[in-house]
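Engineer: As input, take upload.cif (mmCIF, C-alpha atoms):
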```
data_query
loop_
_atom_site.group_PDB
_atom_site.id
_atom_site.type_symbol
_atom_site.label_atom_id
_atom_site.label_comp_id
_atom_site.auth_asym_id
_atom_site.auth_seq_id
_atom_site.Cartn_x
_atom_site.Cartn_y
_atom_site.Cartn_z
ATOM 1 C CA MET A 1 0.000 0.000 0.000
ATOM 2 C CA ASN A 2 1.292 3.407 -0.957
ATOM 3 C CA LEU A 3 0.411 6.750 0.646
ATOM 4 C CA PHE A 4 0.586 8.561 -2.665
ATOM 5 C CA ASP A 5 -1.683 6.179 -4.605
ATOM 6 C CA ASP A 6 -5.310 6.993 -5.288
ATOM 7 C CA VAL A 7 -5.064 10.682 -4.489
ATOM 8 C CA PRO A 8 -8.122 12.242 -6.180
ATOM 9 C CA SER A 9 -7.534 15.720 -7.591
ATOM 10 C CA ASP A 10 -11.062 16.926 -6.933
ATOM 11 C CA LEU A 11 -13.269 16.022 -3.999
ATOM 12 C CA PRO A 12 -16.614 17.259 -2.653
ATOM 13 C CA SER A 13 -15.223 17.027 0.893
ATOM 14 C CA GLU A 14 -12.021 15.892 2.600
ATOM 15 C CA LEU A 15 -11.135 12.231 2.090
ATOM 16 C CA VAL A 16 -10.070 10.367 5.236
ATOM 17 C CA ASP A 17 -8.567 6.868 5.181
ATOM 18 C CA VAL A 18 -7.737 5.107 8.431
ATOM 19 C CA LEU A 19 -4.393 3.400 7.811
ATOM 20 C CA ALA A 20 -3.946 1.750 11.191
ATOM 21 C CA GLU A 21 -5.584 1.704 14.607
ATOM 22 C CA GLY A 22 -4.552 0.587 18.066
ATOM 23 C CA GLN A 23 -5.806 0.762 21.637
ATOM 24 C CA SER A 24 -5.784 4.548 21.806
ATOM 25 C CA VAL A 25 -4.162 5.546 18.515
ATOM 26 C CA ARG A 26 -5.454 6.143 15.002
ATOM 27 C CA ILE A 27 -3.338 6.862 11.923
ATOM 28 C CA GLU A 28 -5.126 8.631 9.096
ATOM 29 C CA ARG A 29 -4.335 9.808 5.605
ATOM 30 C CA ILE A 30 -6.314 12.933 4.786
ATOM 31 C CA VAL A 31 -6.638 14.459 1.319
ATOM 32 C CA SER A 32 -7.834 18.049 0.936
ATOM 33 C CA THR A 33 -8.411 19.758 -2.401
ATOM 34 C CA GLY A 34 -8.808 23.358 -1.425
ATOM 35 C CA HIS A 35 -10.960 22.503 1.600
ATOM 36 C CA LYS A 36 -11.054 24.585 4.714
ATOM 37 C CA THR A 37 -12.947 24.302 7.971
ATOM 38 C CA GLU A 38 -16.398 25.849 7.783
ATOM 39 C CA PRO A 39 -16.471 29.486 8.902
ATOM 40 C CA GLY A 40 -17.118 29.893 12.611
ATOM 41 C CA THR A 41 -16.283 26.294 13.509
ATOM 42 C CA TRP A 42 -13.239 24.826 15.288
ATOM 43 C CA TYR A 43 -11.790 21.381 15.798
ATOM 44 C CA ASP A 44 -11.798 20.629 19.518
ATOM 45 C CA GLN A 45 -10.400 17.117 19.864
ATOM 46 C CA GLU A 46 -10.338 14.622 22.727
ATOM 47 C CA GLN A 47 -6.919 13.346 21.635
ATOM 48 C CA THR A 48 -3.536 14.841 20.850
ATOM 49 C CA GLU A 49 -2.876 15.087 17.112
ATOM 50 C CA TRP A 50 0.511 14.907 15.429
ATOM 51 C CA VAL A 51 0.151 15.889 11.801
ATOM 52 C CA VAL A 52 2.503 16.283 8.845
ATOM 53 C CA VAL A 53 1.875 17.658 5.349
ATOM 54 C CA LEU A 54 3.281 15.217 2.772
ATOM 55 C CA ARG A 55 2.078 17.053 -0.344
ATOM 56 C CA GLY A 56 0.755 20.515 -0.966
ATOM 57 C CA GLU A 57 0.460 23.332 1.549
ATOM 58 C CA ALA A 58 -1.957 24.415 4.219
ATOM 59 C CA LYS A 59 -2.640 27.141 6.712
ATOM 60 C CA LEU A 60 -3.899 26.346 10.226
ATOM 61 C CA SER A 61 -5.160 28.815 12.752
ATOM 62 C CA PHE A 62 -5.650 28.474 16.490
ATOM 63 C CA ASP A 63 -8.151 30.212 18.740
ATOM 64 C CA ASP A 64 -5.350 32.064 20.552
ATOM 65 C CA GLY A 65 -4.676 33.861 17.248
ATOM 66 C CA GLU A 66 -1.635 31.850 16.112
ATOM 67 C CA ILE A 67 -1.511 31.097 12.401
ATOM 68 C CA THR A 68 0.787 28.399 11.020
ATOM 69 C CA THR A 69 1.626 27.866 7.371
ATOM 70 C CA MET A 70 2.639 24.286 6.618
ATOM 71 C CA LYS A 71 4.508 23.139 3.537
ATOM 72 C CA THR A 72 5.549 19.644 2.524
ATOM 73 C CA GLY A 73 7.334 17.929 5.396
ATOM 74 C CA ASP A 74 6.220 20.382 8.077
ATOM 75 C CA HIS A 75 4.788 18.725 11.156
ATOM 76 C CA ILE A 76 3.055 20.009 14.234
ATOM 77 C CA LEU A 77 1.761 18.664 17.530
ATOM 78 C CA ILE A 78 -1.717 19.834 18.492
ATOM 79 C CA PRO A 79 -2.551 19.080 22.137
ATOM 80 C CA ALA A 80 -6.018 17.734 22.949
ATOM 81 C CA HIS A 81 -8.606 20.536 23.102
ATOM 82 C CA ARG A 82 -6.354 23.113 21.496
ATOM 83 C CA ARG A 83 -8.992 24.584 19.216
ATOM 84 C CA HIS A 84 -7.859 24.914 15.611
ATOM 85 C CA ARG A 85 -9.142 25.159 12.088
ATOM 86 C CA VAL A 86 -7.849 24.728 8.545
ATOM 87 C CA GLU A 87 -7.901 28.182 6.959
ATOM 88 C CA TRP A 88 -6.608 27.190 3.557
ATOM 89 C CA THR A 89 -5.187 24.341 1.487
ATOM 90 C CA THR A 90 -3.636 24.587 -1.986
ATOM 91 C CA PRO A 91 -6.576 24.859 -4.390
ATOM 92 C CA ASN A 92 -4.785 23.643 -7.518
ATOM 93 C CA GLU A 93 -3.284 20.403 -6.173
ATOM 94 C CA PRO A 94 -4.302 17.956 -3.464
ATOM 95 C CA THR A 95 -2.874 18.490 0.012
ATOM 96 C CA LEU A 96 -2.006 15.176 1.614
ATOM 97 C CA TRP A 97 -1.790 14.929 5.399
ATOM 98 C CA LEU A 98 -0.708 12.120 7.644
ATOM 99 C CA ALA A 99 -2.256 12.445 11.094
ATOM 100 C CA VAL A 100 -1.719 10.406 14.244
ATOM 101 C CA PHE A 101 -4.290 10.797 17.036
ATOM 102 C CA PHE A 102 -3.351 9.495 20.486
ATOM 103 C CA ASP A 103 -3.797 9.872 24.246
ATOM 104 C CA MET B 1 9.831 21.557 12.118
ATOM 105 C CA ASN B 2 10.264 19.753 8.834
ATOM 106 C CA LEU B 3 10.708 16.003 8.319
ATOM 107 C CA PHE B 4 13.063 16.534 5.413
ATOM 108 C CA ASP B 5 15.388 18.973 7.169
ATOM 109 C CA ASP B 6 18.714 17.892 8.626
ATOM 110 C CA VAL B 7 18.913 14.585 6.791
ATOM 111 C CA PRO B 8 22.603 13.621 6.893
ATOM 112 C CA SER B 9 23.858 11.841 3.787
ATOM 113 C CA ASP B 10 26.357 9.685 5.660
ATOM 114 C CA LEU B 11 25.971 8.198 9.108
ATOM 115 C CA PRO B 12 27.893 5.682 11.210
ATOM 116 C CA SER B 13 24.588 4.149 12.340
ATOM 117 C CA GLU B 14 20.888 4.815 11.893
ATOM 118 C CA LEU B 15 19.673 8.173 13.161
ATOM 119 C CA VAL B 16 16.503 8.084 15.235
ATOM 120 C CA ASP B 17 14.581 11.214 16.278
ATOM 121 C CA VAL B 18 11.515 10.933 18.480
ATOM 122 C CA LEU B 19 9.016 13.411 17.041
ATOM 123 C CA ALA B 20 6.177 12.862 19.510
ATOM 124 C CA GLU B 21 5.249 10.565 22.355
ATOM 125 C CA GLY B 22 2.057 9.673 24.175
ATOM 126 C CA GLN B 23 0.799 7.219 26.755
ATOM 127 C CA SER B 24 1.561 4.161 24.659
ATOM 128 C CA VAL B 25 2.650 5.643 21.339
ATOM 129 C CA ARG B 26 5.929 6.888 19.932
ATOM 130 C CA ILE B 27 6.468 8.580 16.573
ATOM 131 C CA GLU B 28 10.000 8.381 15.190
ATOM 132 C CA ARG B 29 11.851 9.661 12.175
ATOM 133 C CA ILE B 30 14.561 7.194 11.187
ATOM 134 C CA VAL B 31 17.329 7.921 8.669
ATOM 135 C CA SER B 32 19.305 5.044 7.153
ATOM 136 C CA THR B 33 22.222 5.497 4.770
ATOM 137 C CA GLY B 34 22.735 1.984 3.469
ATOM 138 C CA HIS B 35 22.251 0.449 6.910
ATOM 139 C CA LYS B 36 20.872 -3.019 7.421
ATOM 140 C CA THR B 37 20.172 -5.095 10.504
ATOM 141 C CA GLU B 38 23.232 -6.994 11.686
ATOM 142 C CA PRO B 39 23.431 -10.500 10.236
ATOM 143 C CA GLY B 40 21.699 -13.097 12.370
ATOM 144 C CA THR B 41 19.668 -10.595 14.371
ATOM 145 C CA TRP B 42 15.945 -9.770 14.249
ATOM 146 C CA TYR B 43 13.757 -7.020 15.598
ATOM 147 C CA ASP B 44 11.245 -8.566 18.001
ATOM 148 C CA GLN B 45 9.159 -5.678 19.323
ATOM 149 C CA GLU B 46 6.733 -5.364 22.210
ATOM 150 C CA GLN B 47 4.588 -2.929 20.235
ATOM 151 C CA THR B 48 2.909 -2.853 16.852
ATOM 152 C CA GLU B 49 4.815 -0.742 14.324
ATOM 153 C CA TRP B 50 3.289 1.138 11.426
ATOM 154 C CA VAL B 51 6.069 2.385 9.157
ATOM 155 C CA VAL B 52 6.259 4.315 5.893
ATOM 156 C CA VAL B 53 9.222 5.093 3.639
ATOM 157 C CA LEU B 54 9.216 8.816 2.802
ATOM 158 C CA ARG B 55 12.481 8.896 0.866
ATOM 159 C CA GLY B 56 14.685 6.214 -0.640
ATOM 160 C CA GLU B 57 13.983 2.497 -0.731
ATOM 161 C CA ALA B 58 14.367 -0.471 1.565
ATOM 162 C CA LYS B 59 13.959 -4.194 1.754
ATOM 163 C CA LEU B 60 12.514 -5.867 4.851
ATOM 164 C CA SER B 61 12.460 -9.559 5.569
ATOM 165 C CA PHE B 62 10.404 -11.554 8.050
ATOM 166 C CA ASP B 63 11.277 -14.784 9.794
ATOM 167 C CA ASP B 64 8.498 -16.616 7.945
ATOM 168 C CA GLY B 65 10.469 -15.996 4.748
ATOM 169 C CA GLU B 66 8.463 -13.038 3.411
ATOM 170 C CA ILE B 67 10.497 -10.284 1.798
ATOM 171 C CA THR B 68 9.001 -6.833 1.161
ATOM 172 C CA THR B 69 10.535 -4.140 -0.993
ATOM 173 C CA MET B 70 9.435 -0.664 0.028
ATOM 174 C CA LYS B 71 9.684 2.429 -2.107
ATOM 175 C CA THR B 72 8.730 6.009 -1.299
ATOM 176 C CA GLY B 73 5.191 6.122 0.097
ATOM 177 C CA ASP B 74 4.925 2.397 0.807
ATOM 178 C CA HIS B 75 3.674 1.605 4.286
ATOM 179 C CA ILE B 76 3.334 -1.573 6.263
ATOM 180 C CA LEU B 77 1.921 -2.702 9.598
ATOM 181 C CA ILE B 78 4.196 -4.984 11.608
ATOM 182 C CA PRO B 79 2.360 -6.688 14.482
ATOM 183 C CA ALA B 80 4.129 -6.910 17.854
ATOM 184 C CA HIS B 81 6.602 -9.795 17.953
ATOM 185 C CA ARG B 82 6.543 -10.359 14.206
ATOM 186 C CA ARG B 83 10.280 -10.838 13.809
ATOM 187 C CA HIS B 84 11.760 -8.764 11.005
ATOM 188 C CA ARG B 85 14.982 -7.228 9.803
ATOM 189 C CA VAL B 86 16.123 -4.557 7.365
ATOM 190 C CA GLU B 87 17.974 -6.371 4.595
ATOM 191 C CA TRP B 88 18.896 -3.345 2.537
ATOM 192 C CA THR B 89 18.470 0.412 2.201
ATOM 193 C CA THR B 90 19.533 2.564 -0.746
ATOM 194 C CA PRO B 91 23.287 3.065 -0.354
ATOM 195 C CA ASN B 92 23.609 6.227 -2.445
ATOM 196 C CA GLU B 93 20.915 8.340 -0.809
ATOM 197 C CA PRO B 94 19.398 8.470 2.666
ATOM 198 C CA THR B 95 16.295 6.395 3.316
ATOM 199 C CA LEU B 96 13.871 8.288 5.516
ATOM 200 C CA TRP B 97 11.287 6.346 7.514
ATOM 201 C CA LEU B 98 8.421 7.519 9.656
ATOM 202 C CA ALA B 99 7.497 4.925 12.261
ATOM 203 C CA VAL B 100 4.641 4.842 14.767
ATOM 204 C CA PHE B 101 4.895 2.341 17.626
ATOM 205 C CA PHE B 102 1.736 1.611 19.614
ATOM 206 C CA ASP B 103 -0.193 -0.976 21.647
#
```
Output the structure of this file as structure tokens.

Structural biologist:
Amino acid sequence: MNLFDDVPSDLPSELVDVLAEGQSVRIERIVSTGHKTEPGTWYDQEQTEWVVVLRGEAKLSFDDGEITTMKTGDHILIPAHRRHRVEWTTPNEPTLWLAVFFD
Amino acid sequence: MNLFDDVPSDLPSELVDVLAEGQSVRIERIVSTGHKTEPGTWYDQEQTEWVVVLRGEAKLSFDDGEITTMKTGDHILIPAHRRHRVEWTTPNEPTLWLAVFFD
């Protein structure tokens, strides 16, 4: 199985594939094609998320005002309940994320 | 922080960086420059390992005789205690792995 296979170039919404799961861990591949979090909404997650951009670019924002631009290879650790949203992903190519959620 | 930064092209032994850690999970970046597991030895791990090759190529073997060639993007799930070894990594460029160990 290859992370870069079957990456659609146009999607009605984000595509999430669970690659592996354990007791309290989930590894996901996420494909965005220009998607962003709906205005006024935030992700507020029960688990810590470690996430890396493996293709494309994205911009995340946090409810304390921090904004982070992520390019290919950039990774970030988002503690549980740190509210965040995706402000932007590259519109003309898919952005591919690998995310690990854990306690 | 970027996964592809600070990748040495020559190393006396594998380089392991722990990128994140949780209750029963560890995320590592591993850089190999032609390294392989010492002859006659196997990895026999307490935890499940999900691993992807993000640069370079590698060949893994398992003690049931299976051999798996991994190129960039290929990922594999290695159950706890499934004995395996690295037979080969590309000698002329670094092989970069991302590994997640979990219960």

Engineer: Calculated over only C-alpha atoms, which of the candidates A:Glu57, A:Glu21, A:Pro8, A:Glu49 has the smallest distance to Pro91 (chain A)?

Structural biologist: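 Nearest candidate to Pro91 (chain A) out of A:Glu57, A:Glu21, A:Pro8, A:Glu49: A:Glu57.
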
Engineer: For Thr41 (chain A), list every protein, DNA or RNA residue within 10 Å, evaluated using only C-alpha atoms, and leave out those in the same chain fewer than 6 positions away; present the list as a list of chain:residue names.

Structural biologist: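 Near neighbours after the sequence-gap exclusion: A:Arg83, A:His84, A:Arg85, A:Val86.
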
Engineer: Could you tell me which residues of chain A sit within 10 Å of chain B when counting only C-alpha atoms, and give me the result as a ChimeraX atom specification?

Structural biologist: /A:1-5,19-27,48-50,52-54,70-77,100-103

Engineer: How about saving the chosen residues, C-alpha atoms kept, as a tab-separated table (two decimals), keeping the file's coordinate frame?

Structural biologist:
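The resulting selection.tsv:
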```
chain	number	residue	atom	x	y	z
A	1	MET	CA	0.00	0.00	0.00
A	2	ASN	CA	1.29	3.41	-0.96
A	3	LEU	CA	0.41	6.75	0.65
A	4	PHE	CA	0.59	8.56	-2.66
A	5	ASP	CA	-1.68	6.18	-4.61
A	19	LEU	CA	-4.39	3.40	7.81
A	20	ALA	CA	-3.95	1.75	11.19
A	21	GLU	CA	-5.58	1.70	14.61
A	22	GLY	CA	-4.55	0.59	18.07
A	23	GLN	CA	-5.81	0.76	21.64
A	24	SER	CA	-5.78	4.55	21.81
A	25	VAL	CA	-4.16	5.55	18.52
A	26	ARG	CA	-5.45	6.14	15.00
A	27	ILE	CA	-3.34	6.86	11.92
A	48	THR	CA	-3.54	14.84	20.85
A	49	GLU	CA	-2.88	15.09	17.11
A	50	TRP	CA	0.51	14.91	15.43
A	52	VAL	CA	2.50	16.28	8.85
A	53	VAL	CA	1.88	17.66	5.35
A	54	LEU	CA	3.28	15.22	2.77
A	70	MET	CA	2.64	24.29	6.62
A	71	LYS	CA	4.51	23.14	3.54
A	72	THR	CA	5.55	19.64	2.52
A	73	GLY	CA	7.33	17.93	5.40
A	74	ASP	CA	6.22	20.38	8.08
A	75	HIS	CA	4.79	18.73	11.16
A	76	ILE	CA	3.06	20.01	14.23
A	77	LEU	CA	1.76	18.66	17.53
A	100	VAL	CA	-1.72	10.41	14.24
A	101	PHE	CA	-4.29	10.80	17.04
A	102	PHE	CA	-3.35	9.49	20.49
A	103	ASP	CA	-3.80	9.87	24.25
```

Engineer: Around all the atoms of region 74-82 of chain B listed in the file, with 6 Å of room on each side, what axis-aligned box do you get, giving centre and edge lengths in Å to one decimal, as AutoDock Vina command-line options?

Structural biologist:
```
--center_x 4.3 --center_y -4.0 --center_z 9.4 --size_x 16.7 --size_y 24.8 --size_z 29.1
```

Engineer: What are the coordinates of chain A as a compact mmCIF listing (two decimals) with C-alpha atoms, in the coordinates of the input following a least-squares fit to chain B on all in-order C-alpha atoms?

Structural biologist:
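selection.txt, freshly written:
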```
# COMPACT_ATOMS: atom_id res chain seq x y z
CA MET A 1 9.82 21.59 12.11
CA ASN A 2 10.25 19.76 8.84
CA LEU A 3 10.69 16.01 8.32
CA PHE A 4 13.06 16.53 5.42
CA ASP A 5 15.40 18.98 7.18
CA ASP A 6 18.72 17.89 8.62
CA VAL A 7 18.90 14.59 6.78
CA PRO A 8 22.60 13.62 6.90
CA SER A 9 23.86 11.84 3.79
CA ASP A 10 26.36 9.69 5.65
CA LEU A 11 25.96 8.20 9.10
CA PRO A 12 27.90 5.67 11.20
CA SER A 13 24.59 4.15 12.34
CA GLU A 14 20.87 4.81 11.89
CA LEU A 15 19.67 8.18 13.17
CA VAL A 16 16.48 8.09 15.24
CA ASP A 17 14.57 11.22 16.27
CA VAL A 18 11.51 10.93 18.48
CA LEU A 19 9.01 13.41 17.04
CA ALA A 20 6.17 12.87 19.50
CA GLU A 21 5.25 10.56 22.36
CA GLY A 22 2.05 9.70 24.18
CA GLN A 23 0.80 7.22 26.76
CA SER A 24 1.56 4.15 24.66
CA VAL A 25 2.65 5.64 21.34
CA ARG A 26 5.95 6.88 19.94
CA ILE A 27 6.46 8.58 16.58
CA GLU A 28 9.98 8.39 15.18
CA ARG A 29 11.85 9.66 12.16
CA ILE A 30 14.57 7.21 11.18
CA VAL A 31 17.33 7.93 8.67
CA SER A 32 19.30 5.05 7.16
CA THR A 33 22.22 5.49 4.77
CA GLY A 34 22.75 2.01 3.47
CA HIS A 35 22.26 0.44 6.91
CA LYS A 36 20.88 -3.00 7.42
CA THR A 37 20.18 -5.09 10.49
CA GLU A 38 23.23 -7.01 11.67
CA PRO A 39 23.44 -10.52 10.22
CA GLY A 40 21.70 -13.12 12.35
CA THR A 41 19.67 -10.61 14.37
CA TRP A 42 15.95 -9.77 14.25
CA TYR A 43 13.74 -7.02 15.59
CA ASP A 44 11.25 -8.56 18.00
CA GLN A 45 9.17 -5.68 19.32
CA GLU A 46 6.74 -5.35 22.22
CA GLN A 47 4.58 -2.92 20.24
CA THR A 48 2.91 -2.85 16.85
CA GLU A 49 4.81 -0.75 14.32
CA TRP A 50 3.30 1.15 11.41
CA VAL A 51 6.06 2.38 9.15
CA VAL A 52 6.25 4.32 5.89
CA VAL A 53 9.23 5.09 3.65
CA LEU A 54 9.22 8.82 2.80
CA ARG A 55 12.49 8.88 0.85
CA GLY A 56 14.68 6.21 -0.64
CA GLU A 57 13.99 2.49 -0.73
CA ALA A 58 14.37 -0.46 1.57
CA LYS A 59 13.96 -4.19 1.75
CA LEU A 60 12.52 -5.87 4.86
CA SER A 61 12.46 -9.56 5.57
CA PHE A 62 10.41 -11.55 8.05
CA ASP A 63 11.27 -14.79 9.81
CA ASP A 64 8.49 -16.63 7.96
CA GLY A 65 10.47 -15.98 4.75
CA GLU A 66 8.45 -13.04 3.40
CA ILE A 67 10.50 -10.29 1.79
CA THR A 68 9.01 -6.85 1.17
CA THR A 69 10.55 -4.14 -0.98
CA MET A 70 9.42 -0.66 0.04
CA LYS A 71 9.69 2.45 -2.10
CA THR A 72 8.72 6.01 -1.29
CA GLY A 73 5.20 6.13 0.10
CA ASP A 74 4.93 2.41 0.81
CA HIS A 75 3.68 1.61 4.29
CA ILE A 76 3.35 -1.57 6.26
CA LEU A 77 1.93 -2.71 9.59
CA ILE A 78 4.20 -4.99 11.60
CA PRO A 79 2.36 -6.69 14.49
CA ALA A 80 4.12 -6.91 17.86
CA HIS A 81 6.61 -9.80 17.95
CA ARG A 82 6.54 -10.38 14.21
CA ARG A 83 10.28 -10.84 13.81
CA HIS A 84 11.76 -8.77 11.01
CA ARG A 85 14.98 -7.24 9.80
CA VAL A 86 16.13 -4.56 7.37
CA GLU A 87 17.97 -6.38 4.58
CA TRP A 88 18.90 -3.35 2.54
CA THR A 89 18.47 0.41 2.19
CA THR A 90 19.54 2.57 -0.76
CA PRO A 91 23.30 3.05 -0.35
CA ASN A 92 23.63 6.22 -2.43
CA GLU A 93 20.91 8.34 -0.80
CA PRO A 94 19.40 8.47 2.67
CA THR A 95 16.29 6.39 3.31
CA LEU A 96 13.87 8.28 5.52
CA TRP A 97 11.28 6.35 7.53
CA LEU A 98 8.41 7.52 9.65
CA ALA A 99 7.49 4.92 12.26
CA VAL A 100 4.64 4.84 14.76
CA PHE A 101 4.90 2.33 17.62
CA PHE A 102 1.74 1.60 19.61
CA ASP A 103 -0.19 -0.96 21.66
```

Engineer: So which residues touch Thr33 (chain B) within 12 Å, counting all atoms listed in the file, skipping near sequence neighbours fewer than 4 positions away, as an NGL selection string?

Structural biologist: :B and (7-15 or 55-58 or 88-97)

Engineer: Decode the PyMOL selection byres ((chain A and resi 44) around 6) for the given file into explicit residues and return them as a list of chain:residue names.

Structural biologist: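 Selected by the PyMOL selection byres ((chain A and resi 44) around 6) here: A:Tyr43, A:Gln45, A:His81, A:Arg83.
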
Engineer: Mind pulling up the distance from CA of Ile78 (chain A) to CA of Val16 (chain B)?

Structural biologist: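 These atoms are spaced 21.9 Å apart.
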
Engineer: Could you tell me how far CA of Ser32 (chain A) lies from CA of Ser61 (chain A), in Å and to one decimal?

Structural biologist: 16.2 Å

Engineer: CA of Glu87 (chain A) and CA of Lys59 (chain A), how far apart in Å?

Structural biologist: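 Between CA of Lys59 (chain A) and CA of Glu87 (chain A) the gap works out to 5.4 Å.
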